[in-house]
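The structure appears right after this line, and notes come after that.
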Amino acid sequence: MRKLLLPACCALLAACSTGEHEDLAQWMIEASRDLKGKVSPLPKVKPYEPVAYDVGNLVDPFKPSKIVPERTQGGGGVRPDFDRAREPLESYPLESLKYVGVMTRKTEAYAIILADKSLYQVRSGNYLGQNFGVITQVNESEVLLKELVQDAAGDWIERVSSLRLLGAGEEVMK
């Protein structure tokens with residue numbers, strides 16, 4: 001009985017499938033009748049023209065003279081005084097110094113600077129920081145100073161910096 005069941009099922013399935021999608025097959029034949037594939041021609045290949053690579057006459061881009069600018073002959077401008085005696089606050093970086101107060105004697109203002117848990121009195125003309133900074137003005141809110149730093153060419157240039165007075169809520173000693 002099993003042997004007869006399998007061919008009967010196959011015949012039934014074959015009978016159901018015929019004729020159902022004939023309209024779709026007919027439409028596909030009609031729609032593809034006028035279609036023709038068209039491939040555009042390949043572009044023409046230009047012949048390779050070699051270029052001579054002559055580096056003998058070119059400047060080497062990695063020479064130090066190309067990276068570092070040439071120094072001027074005079075080297076004029078400002079220079080720090082290396083022969084003068086250094087003051088105690090010149091051994092500290094400017095960022096580590098704290099301006100904690102100001103006091104006035106006669107008409108001259110003195111700033112009180114905290115460095116390594118020690119207090120120092122400084123006024124205009126004193127040196128401060130590691131960049132040859134000289135104090136130009138002391139007022140109630142900040143200490144202004146002029147520092148000498150080297151630029152990329154090795155020349156000394158002036159830079160204006162300041163220390164601001166610490167506020168009431170700021171930490172004085174760590």
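Just so we're on the same page: first chain in the structure tokens is A, next is B, and so on; residues restart at 1 for each chain, and ligands are numbered from 1 in the order they show up.
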Select from range 15-169 of chain A everything DSSP, run on the backbone, classes as strand (DSSP E), then give the selection as number ranges by chain.
A: 98-105, 108-115, 118-122, 127-128, 133-138, 142-150, 156-164
Those residues you just picked out, can you put them in a file as a short mmCIF file (atom, residue, chain, number, x, y, z; two decimals), in the first residue's frame with N, CA and C atoms?
data_model
loop_
_atom_site.label_atom_id
_atom_site.label_comp_id
_atom_site.auth_asym_id
_atom_site.auth_seq_id
_atom_site.Cartn_x
_atom_site.Cartn_y
_atom_site.Cartn_z
N LYS A 98 52.47 80.85 44.46
CA LYS A 98 51.13 81.34 44.72
C LYS A 98 51.20 82.75 45.29
N TYR A 99 50.40 83.64 44.73
CA TYR A 99 50.29 85.02 45.20
C TYR A 99 49.20 85.04 46.26
N VAL A 100 49.61 85.22 47.53
CA VAL A 100 48.65 85.08 48.63
C VAL A 100 48.28 86.40 49.28
N GLY A 101 49.01 87.46 49.04
CA GLY A 101 48.66 88.72 49.68
C GLY A 101 49.49 89.87 49.15
N VAL A 102 49.09 91.07 49.57
CA VAL A 102 49.79 92.28 49.16
C VAL A 102 49.84 93.22 50.37
N MET A 103 50.95 93.93 50.51
CA MET A 103 51.05 94.95 51.54
C MET A 103 51.76 96.16 50.95
N THR A 104 51.49 97.32 51.53
CA THR A 104 52.04 98.56 51.00
C THR A 104 52.87 99.24 52.06
N ARG A 105 54.09 99.62 51.70
CA ARG A 105 54.96 100.43 52.55
C ARG A 105 55.21 101.74 51.82
N GLU A 108 55.02 102.01 47.89
CA GLU A 108 55.42 100.83 47.12
C GLU A 108 54.67 99.59 47.59
N ALA A 109 54.13 98.82 46.63
CA ALA A 109 53.38 97.61 46.94
C ALA A 109 54.32 96.40 46.93
N TYR A 110 54.18 95.55 47.93
CA TYR A 110 54.94 94.31 48.04
C TYR A 110 53.98 93.14 47.93
N ALA A 111 54.33 92.17 47.12
CA ALA A 111 53.51 90.96 46.99
C ALA A 111 54.05 89.90 47.94
N ILE A 112 53.16 89.13 48.51
CA ILE A 112 53.57 88.01 49.37
C ILE A 112 53.35 86.75 48.56
N ILE A 113 54.44 86.04 48.31
CA ILE A 113 54.44 84.85 47.46
C ILE A 113 54.72 83.63 48.33
N LEU A 114 53.93 82.58 48.12
CA LEU A 114 54.11 81.31 48.83
C LEU A 114 54.83 80.34 47.92
N ALA A 115 55.96 79.80 48.42
CA ALA A 115 56.72 78.79 47.68
C ALA A 115 57.25 77.78 48.68
N SER A 118 56.92 78.44 52.38
CA SER A 118 57.63 79.62 52.87
C SER A 118 57.05 80.84 52.19
N LEU A 119 57.01 81.96 52.92
CA LEU A 119 56.50 83.21 52.38
C LEU A 119 57.65 84.13 52.02
N TYR A 120 57.53 84.82 50.89
CA TYR A 120 58.55 85.74 50.41
C TYR A 120 57.87 87.07 50.07
N GLN A 121 58.58 88.18 50.32
CA GLN A 121 58.11 89.50 49.92
C GLN A 121 58.87 89.89 48.66
N VAL A 122 58.13 90.30 47.65
CA VAL A 122 58.76 90.74 46.41
C VAL A 122 58.10 92.04 45.96
N TYR A 127 63.12 89.24 40.66
CA TYR A 127 63.00 88.17 39.68
C TYR A 127 62.17 87.04 40.25
N LEU A 128 61.43 86.36 39.36
CA LEU A 128 60.49 85.34 39.76
C LEU A 128 60.40 84.28 38.68
N GLY A 133 62.04 85.85 34.74
CA GLY A 133 60.91 86.77 34.88
C GLY A 133 61.21 87.89 35.86
N VAL A 134 61.03 89.12 35.44
CA VAL A 134 61.21 90.28 36.31
C VAL A 134 59.84 90.90 36.55
N ILE A 135 59.56 91.22 37.80
CA ILE A 135 58.27 91.77 38.17
C ILE A 135 58.20 93.21 37.67
N THR A 136 57.12 93.52 36.93
CA THR A 136 56.94 94.88 36.40
C THR A 136 55.91 95.66 37.20
N GLN A 137 54.96 94.98 37.82
CA GLN A 137 53.92 95.68 38.56
C GLN A 137 53.31 94.76 39.60
N VAL A 138 53.05 95.30 40.79
CA VAL A 138 52.34 94.59 41.84
C VAL A 138 51.09 95.40 42.15
N GLU A 142 46.88 91.11 41.07
CA GLU A 142 47.85 90.25 40.38
C GLU A 142 49.24 90.86 40.40
N VAL A 143 50.21 89.98 40.14
CA VAL A 143 51.60 90.39 39.96
C VAL A 143 51.91 90.20 38.48
N LEU A 144 52.29 91.27 37.80
CA LEU A 144 52.64 91.19 36.38
C LEU A 144 54.15 91.06 36.26
N LEU A 145 54.59 90.20 35.35
CA LEU A 145 56.03 90.05 35.12
C LEU A 145 56.31 89.83 33.66
N LYS A 146 57.53 90.14 33.30
CA LYS A 146 58.00 89.99 31.92
C LYS A 146 59.07 88.90 31.94
N GLU A 147 58.83 87.83 31.19
CA GLU A 147 59.76 86.71 31.14
C GLU A 147 60.53 86.73 29.83
N LEU A 148 61.71 86.13 29.83
CA LEU A 148 62.51 85.96 28.61
C LEU A 148 62.56 84.48 28.29
N VAL A 149 62.05 84.12 27.12
CA VAL A 149 62.06 82.72 26.68
C VAL A 149 62.65 82.64 25.28
N GLN A 150 63.15 81.48 24.93
CA GLN A 150 63.73 81.29 23.60
C GLN A 150 62.65 80.77 22.66
N TRP A 156 65.92 85.19 21.93
CA TRP A 156 65.21 85.49 23.17
C TRP A 156 64.08 86.47 22.87
N ILE A 157 62.89 86.14 23.37
CA ILE A 157 61.75 87.04 23.20
C ILE A 157 61.11 87.28 24.56
N GLU A 158 60.42 88.41 24.70
CA GLU A 158 59.74 88.74 25.94
C GLU A 158 58.32 88.19 25.92
N ARG A 159 57.88 87.70 27.09
CA ARG A 159 56.52 87.19 27.24
C ARG A 159 55.96 87.74 28.54
N VAL A 160 54.75 88.24 28.51
CA VAL A 160 54.12 88.80 29.70
C VAL A 160 53.33 87.69 30.40
N SER A 161 53.56 87.54 31.72
CA SER A 161 52.85 86.55 32.52
C SER A 161 52.32 87.24 33.77
N SER A 162 51.50 86.52 34.51
CA SER A 162 50.97 87.09 35.73
C SER A 162 50.67 86.00 36.74
N LEU A 163 50.68 86.40 38.00
CA LEU A 163 50.21 85.56 39.10
C LEU A 163 49.00 86.25 39.68
N ARG A 164 47.88 85.57 39.77
CA ARG A 164 46.66 86.17 40.30
C ARG A 164 46.56 85.88 41.80
#
Report as a VMD selection string: the residues of range 10-145 of chain A with a DSSP assignment of helix (DSSP H, G or I), based on the backbone of this structure.
chain A and resid 10 to 17 22 to 31 64 to 67 88 to 91 94 to 96
Could you turn the residues from that selection into a file that holds C-alpha atoms, as an mmCIF file, in the first residue's frame?
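As a result, selection_15.cif now contains:
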data_model
loop_
_atom_site.group_PDB
_atom_site.id
_atom_site.type_symbol
_atom_site.label_atom_id
_atom_site.label_comp_id
_atom_site.auth_asym_id
_atom_site.auth_seq_id
_atom_site.Cartn_x
_atom_site.Cartn_y
_atom_site.Cartn_z
ATOM 1 C CA CYS A 10 3.466 12.650 -6.975
ATOM 2 C CA ALA A 11 0.824 12.418 -9.721
ATOM 3 C CA LEU A 12 -1.532 14.591 -7.697
ATOM 4 C CA LEU A 13 1.118 17.262 -7.166
ATOM 5 C CA ALA A 14 2.028 17.250 -10.849
ATOM 6 C CA ALA A 15 -1.612 17.697 -11.823
ATOM 7 C CA CYS A 16 -2.023 20.698 -9.493
ATOM 8 C CA SER A 17 1.029 22.537 -10.782
ATOM 9 C CA GLU A 22 0.984 29.880 -17.506
ATOM 10 C CA ASP A 23 -0.065 33.540 -17.760
ATOM 11 C CA LEU A 24 3.045 34.592 -15.849
ATOM 12 C CA ALA A 25 5.278 32.490 -18.071
ATOM 13 C CA GLN A 26 3.619 33.945 -21.175
ATOM 14 C CA TRP A 27 4.127 37.539 -19.911
ATOM 15 C CA MET A 28 7.828 36.857 -19.236
ATOM 16 C CA ILE A 29 8.289 35.606 -22.794
ATOM 17 C CA GLU A 30 6.563 38.649 -24.295
ATOM 18 C CA ALA A 31 8.362 41.171 -22.070
ATOM 19 C CA PRO A 64 68.467 70.434 9.429
ATOM 20 C CA SER A 65 68.737 73.728 7.551
ATOM 21 C CA LYS A 66 65.248 73.124 6.136
ATOM 22 C CA ILE A 67 63.757 72.261 9.528
ATOM 23 C CA PRO A 88 65.562 82.521 45.732
ATOM 24 C CA LEU A 89 62.246 82.497 43.829
ATOM 25 C CA GLU A 90 64.014 81.925 40.489
ATOM 26 C CA SER A 91 64.533 78.266 41.368
ATOM 27 C CA LEU A 94 56.077 80.060 37.940
ATOM 28 C CA GLU A 95 53.176 77.569 38.099
ATOM 29 C CA SER A 96 54.215 76.410 41.588
#
